[in-house]
Amino acid sequence: MNKRILIIQGHPDASGAQHLCHVLAQAYAQGAIAAGHEVQVVDVATLDFPLLRSQQEWEEGAVPPALIASQKAIAWADHLVLFFPLWLGDMPALLKGFLEQVARPGFALSKGGEGRLPAKLLTGRSARVVVTMGMPALIYRWYFRAHSVKALERNILGFVGIAPIRETLIGGVDGLGEAGVTTWCGKLSKLGRRAY
């Protein structure tokens, strides 16, 4: 069954440089398109939006005009794939700011009443989180318990109803070399074909 896939490119460099996250996202997209899936891409680095500064702004403020198309793309998608580099143990601040802006009450979750938990409005969607990092992925997963990825999965994606959520952690990126990049591109292309 063909799926609608949204790739969210979370690398914050807007210079046009091809980072590993971009190369991997392209491999995933090419695999998905070859298998007949529909693909859209949101490149967070190219979007101009302010950071949220209060709970009131998050709950009652208008979504920045630059992010309305991103919300429409999220609503359109069956499967979301987020790509980002691990920076200081977490996702880059720009990606976090993007997620805070788009995951608003009324879109990602209902506006809960007094004492009620909000309803999750993005159910029926799955996700994959692809993270690149300098340290070995096993150290991040087992020693650091992949804390920031788990927080993203539980406190943002899962909180709005996205499930299941799978992850691909790619460590030691400075030592991958051309052969390593090619191997990872092959793996991401296969995941794209399966929309997994």
# chains A, B, ... in the order shown; residues from 1 in each chain; ligands from 1

$ residues_around --residues "Met91 of chain A" --least-positions-apart "2" --cutoff "12 Å" --atoms "only C-alpha atoms" --output "PyMOL selection string"
chain A and resi 9-12+82-89+93-99+129-133+146-153

$ write_last_selection --atoms "N, CA, C and O atoms" --output "tab-separated table (two decimals), in the first residue's frame"
chain	number	residue	atom	x	y	z
A	9	GLN	N	13.49	17.78	7.22
A	9	GLN	CA	14.94	17.94	7.28
A	9	GLN	C	15.25	18.94	8.39
A	9	GLN	O	14.95	20.12	8.28
A	10	GLY	N	15.83	18.43	9.47
A	10	GLY	CA	16.07	19.25	10.64
A	10	GLY	C	17.48	19.79	10.78
A	10	GLY	O	17.80	20.39	11.80
A	11	HIS	N	18.33	19.59	9.76
A	11	HIS	CA	19.67	20.18	9.84
A	11	HIS	C	19.52	21.69	9.70
A	11	HIS	O	18.91	22.17	8.75
A	12	PRO	N	20.07	22.49	10.63
A	12	PRO	CA	19.80	23.92	10.63
A	12	PRO	C	20.66	24.77	9.68
A	12	PRO	O	20.46	25.98	9.61
A	82	LEU	N	12.01	12.30	10.37
A	82	LEU	CA	12.77	13.45	10.83
A	82	LEU	C	14.26	13.13	10.76
A	82	LEU	O	14.69	12.10	11.28
A	83	PHE	N	15.02	14.01	10.11
A	83	PHE	CA	16.48	13.88	10.02
A	83	PHE	C	17.11	15.04	10.76
A	83	PHE	O	16.74	16.19	10.53
A	84	PHE	N	18.09	14.75	11.64
A	84	PHE	CA	18.82	15.83	12.28
A	84	PHE	C	20.13	15.32	12.87
A	84	PHE	O	20.25	14.14	13.21
A	85	PRO	N	21.11	16.22	13.02
A	85	PRO	CA	22.36	15.87	13.70
A	85	PRO	C	22.20	16.07	15.20
A	85	PRO	O	21.48	16.99	15.64
A	86	LEU	N	22.85	15.25	15.98
A	86	LEU	CA	22.85	15.42	17.43
A	86	LEU	C	23.82	16.55	17.77
A	86	LEU	O	25.00	16.47	17.46
A	87	TRP	N	23.30	17.60	18.40
A	87	TRP	CA	24.12	18.74	18.79
A	87	TRP	C	24.01	18.91	20.29
A	87	TRP	O	22.90	19.06	20.83
A	88	LEU	N	25.13	18.88	20.99
A	88	LEU	CA	25.16	18.99	22.44
A	88	LEU	C	24.16	18.04	23.09
A	88	LEU	O	23.45	18.38	24.03
A	89	GLY	N	24.09	16.83	22.54
A	89	GLY	CA	23.25	15.79	23.12
A	89	GLY	C	21.78	15.87	22.78
A	89	GLY	O	20.98	15.12	23.34
A	93	ALA	N	18.43	23.49	18.09
A	93	ALA	CA	17.40	24.38	18.63
A	93	ALA	C	16.38	24.79	17.58
A	93	ALA	O	15.19	24.93	17.89
A	94	LEU	N	16.81	24.97	16.33
A	94	LEU	CA	15.88	25.39	15.28
A	94	LEU	C	14.81	24.33	15.06
A	94	LEU	O	13.63	24.66	14.88
A	95	LEU	N	15.20	23.05	15.07
A	95	LEU	CA	14.20	21.98	14.90
A	95	LEU	C	13.25	21.95	16.08
A	95	LEU	O	12.04	21.79	15.91
A	96	LYS	N	13.77	22.11	17.29
A	96	LYS	CA	12.90	22.13	18.48
A	96	LYS	C	11.92	23.30	18.39
A	96	LYS	O	10.73	23.14	18.67
A	97	GLY	N	12.41	24.47	17.97
A	97	GLY	CA	11.53	25.62	17.82
A	97	GLY	C	10.45	25.37	16.77
A	97	GLY	O	9.30	25.78	16.95
A	98	PHE	N	10.81	24.71	15.68
A	98	PHE	CA	9.85	24.35	14.64
A	98	PHE	C	8.76	23.45	15.20
A	98	PHE	O	7.56	23.68	14.99
A	99	LEU	N	9.16	22.39	15.92
A	99	LEU	CA	8.19	21.45	16.47
A	99	LEU	C	7.27	22.12	17.48
A	99	LEU	O	6.07	21.83	17.54
A	129	VAL	N	12.77	8.49	13.20
A	129	VAL	CA	13.70	9.55	13.59
A	129	VAL	C	15.09	9.07	13.20
A	129	VAL	O	15.54	8.01	13.65
A	130	VAL	N	15.77	9.84	12.34
A	130	VAL	CA	17.11	9.49	11.87
A	130	VAL	C	18.08	10.54	12.42
A	130	VAL	O	17.95	11.72	12.11
A	131	VAL	N	19.02	10.08	13.26
A	131	VAL	CA	19.93	11.00	13.95
A	131	VAL	C	21.37	10.64	13.62
A	131	VAL	O	21.78	9.48	13.75
A	132	THR	N	22.13	11.65	13.21
A	132	THR	CA	23.56	11.46	12.98
A	132	THR	C	24.32	12.05	14.17
A	132	THR	O	23.86	13.00	14.80
A	133	MET	N	25.49	11.46	14.48
A	133	MET	CA	26.26	11.93	15.64
A	133	MET	C	27.73	11.56	15.50
A	133	MET	O	28.07	10.60	14.80
A	146	ALA	N	20.02	7.19	24.92
A	146	ALA	CA	19.37	7.93	23.82
A	146	ALA	C	18.32	8.89	24.36
A	146	ALA	O	17.23	9.02	23.84
A	147	HIS	N	18.69	9.56	25.46
A	147	HIS	CA	17.73	10.36	26.22
A	147	HIS	C	16.99	11.40	25.39
A	147	HIS	O	15.79	11.58	25.52
A	148	SER	N	17.69	12.12	24.52
A	148	SER	CA	17.01	13.19	23.77
A	148	SER	C	16.09	12.62	22.70
A	148	SER	O	15.02	13.17	22.46
A	149	VAL	N	16.48	11.52	22.08
A	149	VAL	CA	15.61	10.89	21.08
A	149	VAL	C	14.38	10.32	21.78
A	149	VAL	O	13.26	10.45	21.28
A	150	LYS	N	14.58	9.71	22.93
A	150	LYS	CA	13.43	9.18	23.69
A	150	LYS	C	12.48	10.30	24.10
A	150	LYS	O	11.27	10.15	24.08
A	151	ALA	N	13.05	11.45	24.50
A	151	ALA	CA	12.21	12.59	24.88
A	151	ALA	C	11.41	13.08	23.67
A	151	ALA	O	10.22	13.39	23.80
A	152	LEU	N	12.03	13.17	22.50
A	152	LEU	CA	11.32	13.55	21.28
A	152	LEU	C	10.19	12.58	20.99
A	152	LEU	O	9.06	12.99	20.69
A	153	GLU	N	10.49	11.29	21.09
A	153	GLU	CA	9.48	10.27	20.78
A	153	GLU	C	8.31	10.31	21.76
A	153	GLU	O	7.15	10.22	21.35

$ select_by_dssp --residues "segment 10-98 of chain A" --states "strand (DSSP E)" --output "ChimeraX atom specification"
/A:38-43,79-85

$ closest_atom_pairs --of "segment 8-73 of chain A" --to "segment 111-120 of chain A" --cutoff "12 Å" --atoms "only C-alpha atoms" --output "Markdown table"
| residue | atom | partner | partner_atom | distance |
| --- | --- | --- | --- | --- |
| A:Trp58 | CA | A:Lys111 | CA | 11.2 |
| A:Glu59 | CA | A:Lys111 | CA | 8.0 |
| A:Glu60 | CA | A:Lys111 | CA | 9.8 |

$ closest_residue --among "A:Val181, A:Ala62, A:Ala17, A:Ile165" --to "Ser126 of chain A" --atoms "only C-alpha atoms"
A:Ile165

$ atom_distance --atom1 "atom CA of Val81 of chain A" --atom2 "atom CA of Cys21 of chain A"
11.5 Å

$ residues_around --residues "Pro64 of chain A" --least-positions-apart "2" --cutoff "8 Å" --atoms "only C-alpha atoms" --output "PyMOL selection string"
chain A and resi 49-50+62+66-68+101

$ write_last_selection --atoms "N, CA and C atoms" --output "PDB file, in the first residue's frame"
ATOM      1  N   PHE A  49      10.802  31.819  11.085  1.00  0.00           N
ATOM      2  CA  PHE A  49       9.762  31.862  12.112  1.00  0.00           C
ATOM      3  C   PHE A  49      10.390  32.228  13.447  1.00  0.00           C
ATOM      4  N   PRO A  50       9.607  32.852  14.336  1.00  0.00           N
ATOM      5  CA  PRO A  50      10.127  33.204  15.660  1.00  0.00           C
ATOM      6  C   PRO A  50      10.023  32.016  16.615  1.00  0.00           C
ATOM      7  N   ALA A  62      -1.166  32.947  16.954  1.00  0.00           N
ATOM      8  CA  ALA A  62      -1.316  32.441  15.589  1.00  0.00           C
ATOM      9  C   ALA A  62      -0.042  31.723  15.156  1.00  0.00           C
ATOM     10  N   ALA A  66       4.868  31.350   7.810  1.00  0.00           N
ATOM     11  CA  ALA A  66       5.861  30.481   7.159  1.00  0.00           C
ATOM     12  C   ALA A  66       5.674  29.013   7.515  1.00  0.00           C
ATOM     13  N   LEU A  67       4.885  28.712   8.552  1.00  0.00           N
ATOM     14  CA  LEU A  67       4.723  27.321   8.999  1.00  0.00           C
ATOM     15  C   LEU A  67       3.351  26.736   8.678  1.00  0.00           C
ATOM     16  N   ILE A  68       2.483  27.505   8.082  1.00  0.00           N
ATOM     17  CA  ILE A  68       1.151  26.984   7.738  1.00  0.00           C
ATOM     18  C   ILE A  68       1.276  25.841   6.739  1.00  0.00           C
ATOM     19  N   GLN A 101       6.346  25.218  17.418  1.00  0.00           N
ATOM     20  CA  GLN A 101       5.417  26.074  16.681  1.00  0.00           C
ATOM     21  C   GLN A 101       4.315  25.272  15.982  1.00  0.00           C
TER      22      GLN A 101
END

$ atom_distance --atom1 "atom CA of Thr183 of chain A" --atom2 "atom CA of Gly31 of chain A"
13.9 Å

$ decode --residues "segment 116-146 of chain A" --atoms "N, CA and C atoms" --output "PDB file, in the first residue's frame"
ATOM      1  N   ARG A 116      -8.687  18.288  32.280  1.00  0.00           N
ATOM      2  CA  ARG A 116      -8.730  17.239  31.258  1.00  0.00           C
ATOM      3  C   ARG A 116      -7.453  17.246  30.439  1.00  0.00           C
ATOM      4  N   LEU A 117      -6.996  16.064  30.098  1.00  0.00           N
ATOM      5  CA  LEU A 117      -5.853  15.978  29.191  1.00  0.00           C
ATOM      6  C   LEU A 117      -6.327  16.249  27.775  1.00  0.00           C
ATOM      7  N   PRO A 118      -5.536  16.915  26.976  1.00  0.00           N
ATOM      8  CA  PRO A 118      -5.940  17.170  25.596  1.00  0.00           C
ATOM      9  C   PRO A 118      -5.949  15.880  24.775  1.00  0.00           C
ATOM     10  N   ALA A 119      -6.830  15.809  23.803  1.00  0.00           N
ATOM     11  CA  ALA A 119      -6.882  14.659  22.893  1.00  0.00           C
ATOM     12  C   ALA A 119      -5.751  14.773  21.874  1.00  0.00           C
ATOM     13  N   LYS A 120      -5.218  13.642  21.484  1.00  0.00           N
ATOM     14  CA  LYS A 120      -4.148  13.587  20.493  1.00  0.00           C
ATOM     15  C   LYS A 120      -4.771  13.649  19.099  1.00  0.00           C
ATOM     16  N   LEU A 121      -4.416  14.643  18.318  1.00  0.00           N
ATOM     17  CA  LEU A 121      -5.048  14.872  17.023  1.00  0.00           C
ATOM     18  C   LEU A 121      -4.250  14.361  15.825  1.00  0.00           C
ATOM     19  N   LEU A 122      -3.055  13.831  16.053  1.00  0.00           N
ATOM     20  CA  LEU A 122      -2.253  13.336  14.934  1.00  0.00           C
ATOM     21  C   LEU A 122      -2.125  11.812  14.943  1.00  0.00           C
ATOM     22  N   THR A 123      -3.127  11.142  15.487  1.00  0.00           N
ATOM     23  CA  THR A 123      -3.123   9.678  15.471  1.00  0.00           C
ATOM     24  C   THR A 123      -3.247   9.185  14.029  1.00  0.00           C
ATOM     25  N   GLY A 124      -2.888   7.931  13.814  1.00  0.00           N
ATOM     26  CA  GLY A 124      -2.951   7.351  12.482  1.00  0.00           C
ATOM     27  C   GLY A 124      -1.703   7.608  11.653  1.00  0.00           C
ATOM     28  N   ARG A 125      -0.707   8.231  12.261  1.00  0.00           N
ATOM     29  CA  ARG A 125       0.555   8.493  11.571  1.00  0.00           C
ATOM     30  C   ARG A 125       1.689   7.759  12.292  1.00  0.00           C
ATOM     31  N   SER A 126       2.637   7.285  11.516  1.00  0.00           N
ATOM     32  CA  SER A 126       3.840   6.673  12.085  1.00  0.00           C
ATOM     33  C   SER A 126       5.014   7.615  11.837  1.00  0.00           C
ATOM     34  N   ALA A 127       6.150   7.301  12.436  1.00  0.00           N
ATOM     35  CA  ALA A 127       7.326   8.156  12.253  1.00  0.00           C
ATOM     36  C   ALA A 127       8.613   7.353  12.367  1.00  0.00           C
ATOM     37  N   ARG A 128       9.646   7.895  11.764  1.00  0.00           N
ATOM     38  CA  ARG A 128      11.016   7.420  11.940  1.00  0.00           C
ATOM     39  C   ARG A 128      11.863   8.643  12.250  1.00  0.00           C
ATOM     40  N   VAL A 129      12.773   8.490  13.203  1.00  0.00           N
ATOM     41  CA  VAL A 129      13.699   9.547  13.589  1.00  0.00           C
ATOM     42  C   VAL A 129      15.094   9.072  13.197  1.00  0.00           C
ATOM     43  N   VAL A 130      15.771   9.835  12.339  1.00  0.00           N
ATOM     44  CA  VAL A 130      17.111   9.489  11.872  1.00  0.00           C
ATOM     45  C   VAL A 130      18.077  10.538  12.424  1.00  0.00           C
ATOM     46  N   VAL A 131      19.020  10.084  13.258  1.00  0.00           N
ATOM     47  CA  VAL A 131      19.927  11.001  13.955  1.00  0.00           C
ATOM     48  C   VAL A 131      21.370  10.640  13.623  1.00  0.00           C
ATOM     49  N   THR A 132      22.131  11.649  13.209  1.00  0.00           N
ATOM     50  CA  THR A 132      23.563  11.458  12.984  1.00  0.00           C
ATOM     51  C   THR A 132      24.323  12.047  14.166  1.00  0.00           C
ATOM     52  N   MET A 133      25.490  11.463  14.477  1.00  0.00           N
ATOM     53  CA  MET A 133      26.262  11.935  15.638  1.00  0.00           C
ATOM     54  C   MET A 133      27.727  11.560  15.501  1.00  0.00           C
ATOM     55  N   GLY A 134      28.564  12.291  16.195  1.00  0.00           N
ATOM     56  CA  GLY A 134      29.992  12.019  16.187  1.00  0.00           C
ATOM     57  C   GLY A 134      30.362  10.815  17.032  1.00  0.00           C
ATOM     58  N   MET A 135      29.712  10.647  18.177  1.00  0.00           N
ATOM     59  CA  MET A 135      30.036   9.520  19.054  1.00  0.00           C
ATOM     60  C   MET A 135      29.484   8.217  18.475  1.00  0.00           C
ATOM     61  N   PRO A 136      30.003   7.081  18.900  1.00  0.00           N
ATOM     62  CA  PRO A 136      29.432   5.810  18.460  1.00  0.00           C
ATOM     63  C   PRO A 136      27.972   5.705  18.922  1.00  0.00           C
ATOM     64  N   ALA A 137      27.114   5.234  18.029  1.00  0.00           N
ATOM     65  CA  ALA A 137      25.680   5.138  18.334  1.00  0.00           C
ATOM     66  C   ALA A 137      25.425   4.224  19.530  1.00  0.00           C
ATOM     67  N   LEU A 138      26.230   3.176  19.691  1.00  0.00           N
ATOM     68  CA  LEU A 138      26.022   2.272  20.834  1.00  0.00           C
ATOM     69  C   LEU A 138      26.248   2.994  22.163  1.00  0.00           C
ATOM     70  N   ILE A 139      27.226   3.874  22.211  1.00  0.00           N
ATOM     71  CA  ILE A 139      27.464   4.632  23.448  1.00  0.00           C
ATOM     72  C   ILE A 139      26.280   5.553  23.728  1.00  0.00           C
ATOM     73  N   TYR A 140      25.806   6.222  22.672  1.00  0.00           N
ATOM     74  CA  TYR A 140      24.647   7.100  22.859  1.00  0.00           C
ATOM     75  C   TYR A 140      23.430   6.301  23.311  1.00  0.00           C
ATOM     76  N   ARG A 141      23.211   5.142  22.695  1.00  0.00           N
ATOM     77  CA  ARG A 141      22.031   4.335  23.012  1.00  0.00           C
ATOM     78  C   ARG A 141      22.127   3.715  24.404  1.00  0.00           C
ATOM     79  N   TRP A 142      23.275   3.132  24.754  1.00  0.00           N
ATOM     80  CA  TRP A 142      23.348   2.356  25.996  1.00  0.00           C
ATOM     81  C   TRP A 142      23.878   3.152  27.186  1.00  0.00           C
ATOM     82  N   TYR A 143      24.863   4.008  26.978  1.00  0.00           N
ATOM     83  CA  TYR A 143      25.380   4.778  28.102  1.00  0.00           C
ATOM     84  C   TYR A 143      24.492   5.991  28.396  1.00  0.00           C
ATOM     85  N   PHE A 144      24.156   6.739  27.333  1.00  0.00           N
ATOM     86  CA  PHE A 144      23.315   7.927  27.503  1.00  0.00           C
ATOM     87  C   PHE A 144      21.823   7.612  27.386  1.00  0.00           C
ATOM     88  N   ARG A 145      21.512   6.353  27.087  1.00  0.00           N
ATOM     89  CA  ARG A 145      20.127   5.877  26.970  1.00  0.00           C
ATOM     90  C   ARG A 145      19.324   6.623  25.907  1.00  0.00           C
ATOM     91  N   ALA A 146      20.021   7.194  24.918  1.00  0.00           N
ATOM     92  CA  ALA A 146      19.375   7.926  23.818  1.00  0.00           C
ATOM     93  C   ALA A 146      18.322   8.889  24.364  1.00  0.00           C
TER      94      ALA A 146
END
